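Peer 1: You'll find structure09.cif just under this line, and it carries mmCIF, C-alpha atoms.
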```cif
data_entry
loop_
_atom_site.label_atom_id
_atom_site.label_comp_id
_atom_site.auth_asym_id
_atom_site.auth_seq_id
_atom_site.Cartn_x
_atom_site.Cartn_y
_atom_site.Cartn_z
CA MET A 1 13.91 -10.04 10.56
CA THR A 2 13.89 -11.23 14.19
CA ALA A 3 10.91 -13.42 14.97
CA ILE A 4 8.44 -11.99 17.47
CA PRO A 5 7.81 -13.71 20.84
CA GLN A 6 5.42 -16.65 20.98
CA ARG A 7 2.69 -17.33 23.55
CA ARG A 8 0.28 -20.22 24.07
CA ILE A 9 -3.42 -20.15 23.17
CA GLY A 10 -5.32 -21.13 26.29
CA ARG A 11 -3.80 -23.49 28.80
CA ASP A 12 -2.57 -26.17 26.42
CA GLY A 13 -3.00 -24.88 22.86
CA PRO A 14 -0.35 -24.16 20.25
CA LEU A 15 2.14 -21.35 20.46
CA THR A 16 1.49 -18.34 18.27
CA GLY A 17 3.05 -14.94 17.75
CA VAL A 18 2.11 -12.13 20.11
CA LEU A 19 0.79 -10.33 17.03
CA SER A 20 -1.83 -11.78 14.67
CA LEU A 21 -3.37 -10.53 11.45
CA GLY A 22 -7.05 -10.00 10.82
CA SER A 23 -8.98 -8.86 7.77
CA TRP A 24 -12.23 -6.99 8.15
CA HIS A 25 -12.51 -6.58 4.34
CA THR A 26 -8.78 -5.66 4.29
CA TYR A 27 -7.62 -8.11 1.63
CA ASP A 28 -10.57 -7.12 -0.56
CA ARG A 29 -8.99 -3.67 -0.89
CA MET A 30 -5.35 -4.71 -1.46
CA ASP A 31 -3.29 -5.36 -4.57
CA PHE A 32 -3.02 -9.16 -4.70
CA ARG A 33 0.77 -9.31 -5.11
CA GLU A 34 1.24 -7.00 -2.13
CA ALA A 35 -1.17 -9.12 -0.09
CA VAL A 36 0.88 -12.23 -0.86
CA THR A 37 4.08 -10.48 0.22
CA LEU A 38 2.31 -9.35 3.37
CA VAL A 39 1.30 -12.85 4.46
CA ARG A 40 4.70 -14.33 3.60
CA THR A 41 6.50 -11.61 5.57
CA ALA A 42 4.16 -12.12 8.52
CA VAL A 43 4.80 -15.86 8.74
CA ASP A 44 8.55 -15.42 8.33
CA SER A 45 8.44 -12.96 11.23
CA GLY A 46 6.60 -15.28 13.61
CA ILE A 47 3.04 -14.08 12.99
CA SER A 48 1.25 -17.39 12.55
CA LEU A 49 -2.42 -16.73 13.43
CA PHE A 50 -4.73 -15.29 10.78
CA ASP A 51 -8.34 -14.32 11.49
CA VAL A 52 -10.34 -14.53 8.27
CA GLY A 53 -13.83 -14.42 9.74
CA VAL A 54 -16.29 -12.85 7.32
CA TYR A 55 -18.33 -9.90 8.55
CA GLY A 56 -21.31 -9.00 6.44
CA LEU A 57 -25.08 -8.93 6.08
CA PRO A 58 -27.23 -10.43 3.32
CA THR A 59 -27.97 -6.91 2.10
CA SER A 60 -24.28 -5.91 1.98
CA PRO A 61 -21.96 -6.27 -1.01
CA PRO A 62 -20.30 -9.72 -1.32
CA VAL A 63 -17.18 -10.25 0.80
CA PHE A 64 -14.21 -12.25 -0.45
CA THR A 65 -11.57 -11.78 2.26
CA ASP A 66 -11.48 -15.48 3.18
CA VAL A 67 -11.46 -16.64 -0.45
CA LEU A 68 -8.63 -14.25 -1.23
CA PHE A 69 -6.70 -15.49 1.80
CA SER A 70 -6.74 -19.04 0.43
CA ALA A 71 -5.22 -17.78 -2.82
CA MET A 72 -2.67 -15.65 -0.93
CA VAL A 73 -1.49 -18.66 1.06
CA ARG A 74 -0.98 -20.74 -2.08
CA ALA A 75 0.84 -17.94 -3.89
CA ALA A 76 3.09 -17.39 -0.86
CA GLY A 77 4.13 -21.05 -0.93
CA LEU A 78 2.87 -21.74 2.58
CA LYS A 79 2.05 -25.21 3.82
CA ARG A 80 -0.98 -25.73 6.04
CA ASP A 81 1.15 -26.28 9.15
CA ASP A 82 2.96 -22.98 8.54
CA TYR A 83 0.03 -20.97 9.88
CA LEU A 84 -2.99 -21.11 12.20
CA LEU A 85 -6.42 -20.21 10.84
CA SER A 86 -9.07 -18.55 13.01
CA ALA A 87 -12.65 -18.52 11.71
CA LYS A 88 -15.84 -16.95 13.06
CA LEU A 89 -19.08 -18.78 13.86
CA TRP A 90 -22.23 -16.71 14.25
CA LEU A 91 -25.11 -17.59 16.56
CA GLU A 92 -27.91 -15.51 15.06
CA GLY A 93 -29.41 -18.56 13.33
CA TYR A 94 -28.37 -21.15 15.91
CA PRO A 95 -29.55 -23.84 16.62
CA GLU A 96 -31.87 -23.92 13.57
CA GLN A 97 -28.76 -23.35 11.46
CA SER A 98 -26.20 -25.89 12.62
CA LEU A 99 -22.65 -24.87 13.45
CA ARG A 100 -21.48 -27.72 11.20
CA ALA A 101 -23.16 -26.30 8.10
CA GLN A 102 -21.79 -22.85 8.79
CA LEU A 103 -18.28 -24.16 9.42
CA ASP A 104 -18.29 -26.38 6.33
CA ASN A 105 -18.98 -23.29 4.23
CA ALA A 106 -16.28 -21.26 5.98
CA LEU A 107 -13.68 -24.00 5.47
CA PHE A 108 -14.68 -24.40 1.83
CA ARG A 109 -14.25 -20.68 1.20
CA ALA A 110 -10.87 -20.61 2.97
CA GLY A 111 -9.67 -23.69 1.13
CA VAL A 112 -8.77 -25.70 4.25
CA GLU A 113 -9.95 -28.88 5.97
CA HIS A 114 -9.92 -27.55 9.52
CA ALA A 115 -9.78 -24.36 11.56
CA ASP A 116 -7.20 -24.19 14.32
CA LEU A 117 -9.49 -21.84 16.22
CA VAL A 118 -13.11 -20.77 15.88
CA VAL A 119 -14.40 -17.72 17.70
CA LEU A 120 -18.11 -17.42 18.44
CA GLY A 121 -19.60 -14.06 17.52
CA ASP A 122 -21.54 -11.84 19.90
CA LEU A 123 -24.12 -13.55 22.12
CA ARG A 124 -27.33 -11.64 21.40
CA SER A 125 -29.91 -13.94 22.99
CA ASP A 126 -30.39 -15.02 26.59
CA ASP A 127 -32.18 -18.13 25.30
CA THR A 128 -29.07 -19.76 23.83
CA ASP A 129 -28.58 -23.25 25.29
CA LEU A 130 -24.96 -22.93 26.43
CA HIS A 131 -24.72 -26.57 27.51
CA GLN A 132 -25.76 -27.80 24.07
CA LEU A 133 -23.49 -25.24 22.45
CA VAL A 134 -20.50 -26.73 24.27
CA LEU A 135 -21.50 -30.21 23.08
CA ASP A 136 -21.97 -29.04 19.49
CA LEU A 137 -18.53 -27.43 19.48
CA ASP A 138 -16.98 -30.60 20.81
CA GLU A 139 -18.60 -32.54 17.98
CA LEU A 140 -16.73 -30.28 15.58
CA ARG A 141 -13.52 -30.93 17.49
CA GLN A 142 -14.01 -34.70 17.48
CA ALA A 143 -14.70 -34.57 13.75
CA GLY A 144 -11.31 -32.92 13.25
CA LEU A 145 -12.83 -29.69 11.93
CA ILE A 146 -11.60 -27.43 14.75
CA ARG A 147 -8.79 -27.61 17.27
CA GLN A 148 -9.87 -24.98 19.84
CA TRP A 149 -12.65 -22.46 20.31
CA GLY A 150 -13.22 -19.14 21.98
CA VAL A 151 -15.70 -16.27 22.20
CA ASN A 152 -15.90 -12.67 21.05
CA ASN A 153 -16.95 -10.05 23.63
CA TRP A 154 -18.88 -12.38 25.96
CA SER A 155 -19.27 -11.65 29.65
CA ALA A 156 -17.03 -13.20 32.28
CA THR A 157 -20.04 -14.94 33.84
CA THR A 158 -21.06 -16.55 30.56
CA ILE A 159 -17.51 -17.73 29.86
CA ARG A 160 -17.43 -19.29 33.31
CA ALA A 161 -20.74 -21.05 32.56
CA LEU A 162 -19.30 -22.45 29.33
CA HIS A 163 -16.26 -23.69 31.22
CA ASP A 164 -18.44 -25.35 33.87
CA PHE A 165 -20.58 -27.16 31.29
CA ALA A 166 -17.42 -28.35 29.55
CA ALA A 167 -16.02 -29.64 32.84
CA VAL A 168 -19.22 -31.60 33.53
CA GLU A 169 -18.96 -33.24 30.10
CA ASN A 170 -15.18 -33.70 30.38
CA VAL A 171 -14.59 -31.85 27.10
CA PRO A 172 -12.45 -28.79 26.34
CA GLY A 173 -14.03 -25.43 27.16
CA PRO A 174 -13.26 -21.98 25.76
CA ALA A 175 -9.55 -21.40 25.25
CA ILE A 176 -9.51 -17.72 24.38
CA ALA A 177 -11.59 -14.57 24.79
CA GLN A 178 -11.41 -12.04 21.98
CA LEU A 179 -12.11 -8.70 23.66
CA LYS A 180 -11.96 -5.04 22.75
CA TYR A 181 -8.75 -3.90 24.45
CA SER A 182 -6.88 -0.68 23.84
CA VAL A 183 -5.41 2.31 25.61
CA ALA A 184 -8.98 3.69 25.56
CA ARG A 185 -11.05 0.57 26.33
CA ARG A 186 -9.55 -1.21 29.33
CA SER A 187 -12.27 -1.71 31.89
CA ILE A 188 -13.40 -5.19 30.85
CA PRO A 189 -10.08 -7.03 30.23
CA ASP A 190 -8.42 -5.24 33.17
CA GLY A 191 -11.38 -5.73 35.54
CA GLU A 192 -11.63 -8.21 38.39
CA PRO A 193 -14.18 -10.55 36.71
CA PHE A 194 -11.88 -11.26 33.78
CA GLU A 195 -8.80 -11.34 35.97
CA LYS A 196 -10.41 -14.38 37.60
CA VAL A 197 -11.38 -15.90 34.24
CA PHE A 198 -7.81 -15.61 33.03
CA GLY A 199 -6.25 -16.74 36.27
CA GLU A 200 -8.60 -19.56 37.30
CA LEU A 201 -9.86 -21.02 34.03
CA GLY A 202 -6.77 -20.84 31.87
CA VAL A 203 -8.56 -18.76 29.25
CA THR A 204 -6.23 -16.32 27.50
CA LEU A 205 -6.86 -12.97 25.83
CA GLN A 206 -6.84 -11.96 22.20
CA SER A 207 -6.86 -8.18 22.08
CA SER A 208 -8.94 -6.76 19.24
CA ASP A 209 -10.22 -3.41 17.94
CA ILE A 210 -7.05 -1.91 19.34
CA PHE A 211 -7.06 1.14 17.04
CA GLU A 212 -10.82 1.77 17.36
CA GLY A 213 -11.17 1.44 13.60
CA GLY A 214 -8.43 4.04 13.11
CA VAL A 215 -10.09 6.59 15.40
CA LEU A 216 -7.29 6.32 17.98
CA LEU A 217 -4.79 7.08 15.23
CA GLY A 218 -6.76 10.04 13.89
CA LYS A 219 -7.22 8.15 10.61
CA ASN A 220 -10.96 7.61 10.35
CA SER A 221 -13.05 10.40 8.92
CA GLY A 222 -16.21 8.33 9.22
CA ALA A 223 -15.96 6.44 5.94
CA ARG A 224 -14.59 3.23 7.47
CA GLN A 225 -16.81 0.77 9.28
CA VAL A 226 -16.15 0.72 13.05
CA GLY A 227 -17.27 -1.73 15.73
CA ARG A 228 -19.79 -1.05 18.47
CA ASP A 229 -19.21 1.76 20.99
CA PRO A 230 -19.86 0.35 24.50
CA GLY A 231 -20.23 3.18 26.98
CA GLY A 232 -20.63 5.81 24.26
CA VAL A 233 -17.04 7.04 24.55
CA ARG A 234 -15.94 7.20 20.92
CA GLU A 235 -16.00 10.99 20.71
CA ARG A 236 -13.75 11.16 23.76
CA ILE A 237 -11.43 8.62 22.13
CA ALA A 238 -11.27 10.62 18.90
CA ALA A 239 -10.43 13.80 20.81
CA SER A 240 -7.47 12.07 22.50
CA ALA A 241 -5.73 11.05 19.26
CA PRO A 242 -3.43 14.12 18.91
CA GLU A 243 -2.11 13.82 22.47
CA LEU A 244 -1.60 10.08 22.04
CA ALA A 245 0.44 10.75 18.90
CA LYS A 246 2.55 13.28 20.81
CA ILE A 247 3.39 10.80 23.56
CA ALA A 248 4.28 8.19 20.96
CA GLY A 249 6.56 10.70 19.25
CA ASP A 250 8.30 11.43 22.55
CA LEU A 251 9.08 7.69 22.71
CA ASP A 252 10.42 7.73 19.14
CA ALA A 253 7.47 5.55 18.14
CA THR A 254 4.29 5.80 16.12
CA ALA A 255 0.83 5.96 17.67
CA ALA A 256 0.09 2.54 16.18
CA GLN A 257 3.19 1.06 17.83
CA LEU A 258 2.20 2.57 21.16
CA CYS A 259 -1.34 1.18 20.92
CA LEU A 260 -0.04 -2.27 20.01
CA ALA A 261 2.65 -2.21 22.69
CA PHE A 262 0.11 -1.43 25.40
CA THR A 263 -1.90 -4.59 24.67
CA LEU A 264 1.26 -6.72 24.88
CA THR A 265 1.66 -5.69 28.52
CA HIS A 266 -1.49 -7.54 29.64
CA PRO A 267 -0.33 -10.70 31.45
CA ALA A 268 -3.05 -12.87 29.89
CA ASN A 269 -2.65 -11.60 26.34
CA THR A 270 -1.74 -14.41 23.96
CA THR A 271 -1.90 -12.34 20.81
CA THR A 272 -3.07 -8.95 19.56
CA LEU A 273 -5.16 -8.82 16.41
CA PHE A 274 -4.75 -6.00 13.92
CA GLY A 275 -5.05 -5.35 10.21
CA ALA A 276 -2.38 -4.12 7.81
CA THR A 277 -2.85 -2.95 4.24
CA SER A 278 0.82 -3.07 3.21
CA THR A 279 4.00 -4.92 4.07
CA ALA A 280 5.60 -1.63 5.14
CA GLN A 281 2.77 -1.03 7.62
CA LEU A 282 3.14 -4.56 8.95
CA LYS A 283 6.86 -4.14 9.54
CA ASP A 284 6.33 -0.77 11.19
CA ASN A 285 3.67 -2.14 13.54
CA MET A 286 5.96 -4.97 14.57
CA GLY A 287 8.13 -2.27 16.17
CA ALA A 288 5.66 -2.46 19.07
CA VAL A 289 7.51 -5.50 20.38
CA ASP A 290 10.74 -3.52 20.59
CA LEU A 291 8.92 -0.58 22.19
CA VAL A 292 7.85 -2.75 25.14
CA GLU A 293 11.44 -3.88 25.56
CA ARG A 294 12.82 -0.32 25.40
CA VAL A 295 10.34 1.40 27.69
CA GLY A 296 9.12 -1.38 29.97
CA ALA A 297 5.59 -2.66 30.51
CA GLN A 298 4.73 -0.70 33.63
CA GLN A 299 6.03 2.62 32.32
CA LEU A 300 4.02 2.14 29.12
CA ARG A 301 0.88 1.49 31.11
CA ASP A 302 1.51 4.56 33.25
CA LEU A 303 2.06 6.78 30.20
CA VAL A 304 -1.27 5.85 28.58
CA GLU A 305 -3.33 5.91 31.78
CA PRO A 306 -4.91 9.32 30.89
CA PHE A 307 -6.38 7.81 27.70
CA TRP A 308 -8.53 5.25 29.55
CA ALA A 309 -11.88 6.47 28.19
CA ASP A 310 -14.24 3.77 29.44
CA ARG A 311 -13.03 3.70 33.05
CA ASP A 312 -16.47 4.46 34.52
CA SER A 313 -18.64 3.82 31.44
CA VAL A 314 -18.96 0.02 31.17
CA ASP A 315 -19.47 -2.90 33.51
CA SER A 316 -16.17 -4.77 33.96
CA GLU A 317 -18.19 -8.00 33.87
CA GLY A 318 -18.60 -7.47 30.13
CA PRO A 319 -21.62 -7.46 27.80
#
```
Please lay out the structure from this file as structure tokens.

Peer 2:
Amino acid sequence: MTAIPQRRIGRDGPLTGVLSLGSWHTYDRMDFREAVTLVRTAVDSGISLFDVGVYGLPTSPPVFTDVLFSAMVRAAGLKRDDYLLSAKLWLEGYPEQSLRAQLDNALFRAGVEHADLVVLGDLRSDDTDLHQLVLDLDELRQAGLIRQWGVNNWSATTIRALHDFAAVENVPGPAIAQLKYSVARRSIPDGEPFEKVFGELGVTLQSSDIFEGGVLLGKNSGARQVGRDPGGVRERIAASAPELAKIAGDLDATAAQLCLAFTLTHPANTTTLFGATSTAQLKDNMGAVDLVERVGAQQLRDLVEPFWADRDSVDSEGP
């Protein structure tokens, strides 16, 4: 299988495949042997970045995605330098709960000594000391526990503040912004504030939630957990799924391939994060790379323009 293209994380980070694999409880639901084949096939195809951040609440059932990933890697015969690991750090208990304690637990569960990338979860408090946060993250870097860090769905202004604090301290700032980006949710990554963040600060994009939890593919009846709905446009997105599938069919592609291909056309996009529950699904989704080559970036963007659901519903500055 031809390896997918590689792009750099941030301004000076490692190269990684333009597609990356995430697991929001995905591995918990898979046959273990199939999961091992999945991760081996991904790495052999140039997909090197794996997001195994655990999403869950104390009242929710236990989650084992990251623990399972450590077993999958061993069973697949992968060495640590064969893949990049992305972990999540949550700020709900910060600074009372140190980032170090949280990361130590995450690394223990994943069976590794360092994370190549950590992504900070949603910023829910205006009282967070961003300057100290930058210093705390650099302590983790200096200790060899992380290589780079980024943020998940933070505003362009806040990312710029993080970058400025890092510059004052002469330490690395945020390398990547993980943002909701899809044919339906475009206003924030495509807006002027983030265009400047990408262009001036060297921060790159990791597209996430690209299928809207399956809603864009017409595959979520409501049983699957879905992320937040900025702008309240999910019903509009669900209604667009049949027409999106028709356009994909006209291109001799699947709706999933079309959704993936769109994100690859963003000039700042380092990698697009998605989940796959089988090796066959993984291989099919990788056809998105070929779709961009066949159709062309601008024509793809023009074709999906009518599906831009949040055009006038969210602030392009971000949350």

Peer 1: With a distance cut-off of 6 Å and only C-alpha atoms, select the neighbouring residues of region 143-160 of chain A, excluding the residue or stretch itself and same-chain residues fewer than 5 positions from it, and output the selection as an NGL selection string.

Peer 2: :A and (114-122 or 174-179 or 193-194 or 317-319)

Peer 1: Counting only C-alpha atoms, what is within 9 Å of Thr204 (chain A), bar same-chain residues fewer than 3 positions away, as number ranges by chain?

Peer 2: A: 8-11, 175-178, 197-199, 201, 268-271

Peer 1: Taking the file above as input, evaluate the PyMOL selection byres ((chain A and resi 82) around 12) and report the hits as a list of chain:residue names.

Peer 2: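 Going through the file, the PyMOL selection byres ((chain A and resi 82) around 12) ends up selecting A:Thr16, A:Val39, A:Arg40, A:Ala42, A:Val43, A:Asp44, A:Ser45, A:Gly46, A:Ile47, A:Ser48, A:Leu49, A:Phe50, A:Val73, A:Arg74, A:Ala76, A:Gly77, A:Leu78, A:Lys79, A:Arg80, A:Asp81, A:Tyr83, A:Leu84, A:Leu85, A:Asp116.
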
Peer 1: List every residue of region 227-278 of chain A that has an atom at most 7 Å from any atom of region 205-220 of chain A, and for each one report the closest atom pair and its distance in Å to one decimal, counting only C-alpha atoms, with rows sorted by chain and then by increasing residue number, as CSV.

Peer 2:
```
residue,atom,partner,partner_atom,distance
A:Ile237,CA,A:Leu216,CA,6.3
A:Ala238,CA,A:Val215,CA,5.5
A:Ala241,CA,A:Leu216,CA,5.1
A:Ala255,CA,A:Leu217,CA,6.2
A:Ala256,CA,A:Leu217,CA,6.7
A:Cys259,CA,A:Ile210,CA,6.7
A:Thr263,CA,A:Ser207,CA,6.6
A:Ala268,CA,A:Leu205,CA,5.6
A:Asn269,CA,A:Leu205,CA,4.5
A:Thr270,CA,A:Leu205,CA,5.6
A:Thr271,CA,A:Gln206,CA,5.1
A:Thr272,CA,A:Ser207,CA,4.6
A:Leu273,CA,A:Ser208,CA,5.2
A:Phe274,CA,A:Ser208,CA,6.8
```

Peer 1: When you look at Asp129 (chain A) with a cut-off of 12 Å (counting all atoms listed in the file), what residues show up, excluding the ones that are within fewer than 2 positions of it in the same chain? I need them as a VMD selection string.

Peer 2: chain A and resid 91 94 to 95 123 125 to 127 131 to 136 158 161 to 162 165

Peer 1: Would you mind putting back N, CA, C and O atoms on region 116-136 of chain A, then writing it out as a tab-separated table (two decimals), keeping the file's coordinate frame?

Peer 2:
```
chain	number	residue	atom	x	y	z
A	116	ASP	N	-7.93	-24.00	13.07
A	116	ASP	CA	-7.20	-24.19	14.32
A	116	ASP	C	-7.94	-23.57	15.49
A	116	ASP	O	-7.83	-24.03	16.63
A	117	LEU	N	-8.72	-22.54	15.19
A	117	LEU	CA	-9.49	-21.84	16.22
A	117	LEU	C	-10.77	-21.32	15.59
A	117	LEU	O	-10.75	-20.82	14.46
A	118	VAL	N	-11.89	-21.47	16.28
A	118	VAL	CA	-13.11	-20.77	15.88
A	118	VAL	C	-13.53	-19.88	17.04
A	118	VAL	O	-13.42	-20.26	18.21
A	119	VAL	N	-13.97	-18.70	16.70
A	119	VAL	CA	-14.40	-17.72	17.70
A	119	VAL	C	-15.88	-17.45	17.48
A	119	VAL	O	-16.30	-17.08	16.38
A	120	LEU	N	-16.67	-17.65	18.52
A	120	LEU	CA	-18.11	-17.42	18.44
A	120	LEU	C	-18.39	-15.93	18.48
A	120	LEU	O	-17.88	-15.20	19.34
A	121	GLY	N	-19.23	-15.47	17.56
A	121	GLY	CA	-19.60	-14.06	17.52
A	121	GLY	C	-20.44	-13.66	18.72
A	121	GLY	O	-20.76	-14.47	19.60
A	122	ASP	N	-20.82	-12.40	18.76
A	122	ASP	CA	-21.54	-11.84	19.90
A	122	ASP	C	-22.75	-12.69	20.28
A	122	ASP	O	-23.48	-13.19	19.42
A	123	LEU	N	-22.96	-12.83	21.59
A	123	LEU	CA	-24.12	-13.55	22.12
A	123	LEU	C	-25.25	-12.54	22.27
A	123	LEU	O	-25.23	-11.69	23.15
A	124	ARG	N	-26.26	-12.65	21.43
A	124	ARG	CA	-27.33	-11.64	21.40
A	124	ARG	C	-28.63	-12.12	22.02
A	124	ARG	O	-29.58	-11.36	22.10
A	125	SER	N	-28.68	-13.39	22.43
A	125	SER	CA	-29.91	-13.94	22.99
A	125	SER	C	-29.64	-14.63	24.32
A	125	SER	O	-28.69	-15.40	24.44
A	126	ASP	N	-30.50	-14.35	25.29
A	126	ASP	CA	-30.39	-15.02	26.59
A	126	ASP	C	-30.93	-16.44	26.54
A	126	ASP	O	-30.80	-17.19	27.51
A	127	ASP	N	-31.56	-16.81	25.42
A	127	ASP	CA	-32.18	-18.13	25.30
A	127	ASP	C	-31.23	-19.20	24.76
A	127	ASP	O	-31.62	-20.36	24.64
A	128	THR	N	-30.01	-18.80	24.40
A	128	THR	CA	-29.07	-19.76	23.83
A	128	THR	C	-28.75	-20.86	24.84
A	128	THR	O	-28.42	-20.57	26.00
A	129	ASP	N	-28.87	-22.11	24.43
A	129	ASP	CA	-28.58	-23.25	25.29
A	129	ASP	C	-27.06	-23.45	25.33
A	129	ASP	O	-26.48	-24.07	24.43
A	130	LEU	N	-26.43	-22.91	26.35
A	130	LEU	CA	-24.96	-22.93	26.43
A	130	LEU	C	-24.42	-24.35	26.59
A	130	LEU	O	-23.34	-24.67	26.08
A	131	HIS	N	-25.15	-25.17	27.32
A	131	HIS	CA	-24.72	-26.57	27.51
A	131	HIS	C	-24.67	-27.30	26.16
A	131	HIS	O	-23.68	-27.96	25.83
A	132	GLN	N	-25.73	-27.15	25.38
A	132	GLN	CA	-25.76	-27.80	24.07
A	132	GLN	C	-24.72	-27.19	23.14
A	132	GLN	O	-24.13	-27.89	22.31
A	133	LEU	N	-24.49	-25.91	23.27
A	133	LEU	CA	-23.49	-25.24	22.45
A	133	LEU	C	-22.10	-25.85	22.68
A	133	LEU	O	-21.35	-26.12	21.73
A	134	VAL	N	-21.77	-26.10	23.94
A	134	VAL	CA	-20.50	-26.73	24.27
A	134	VAL	C	-20.41	-28.11	23.62
A	134	VAL	O	-19.37	-28.49	23.06
A	135	LEU	N	-21.49	-28.86	23.67
A	135	LEU	CA	-21.50	-30.21	23.08
A	135	LEU	C	-21.37	-30.14	21.55
A	135	LEU	O	-20.65	-30.95	20.94
A	136	ASP	N	-22.05	-29.18	20.95
A	136	ASP	CA	-21.97	-29.04	19.49
A	136	ASP	C	-20.55	-28.67	19.05
A	136	ASP	O	-20.05	-29.15	18.02
```
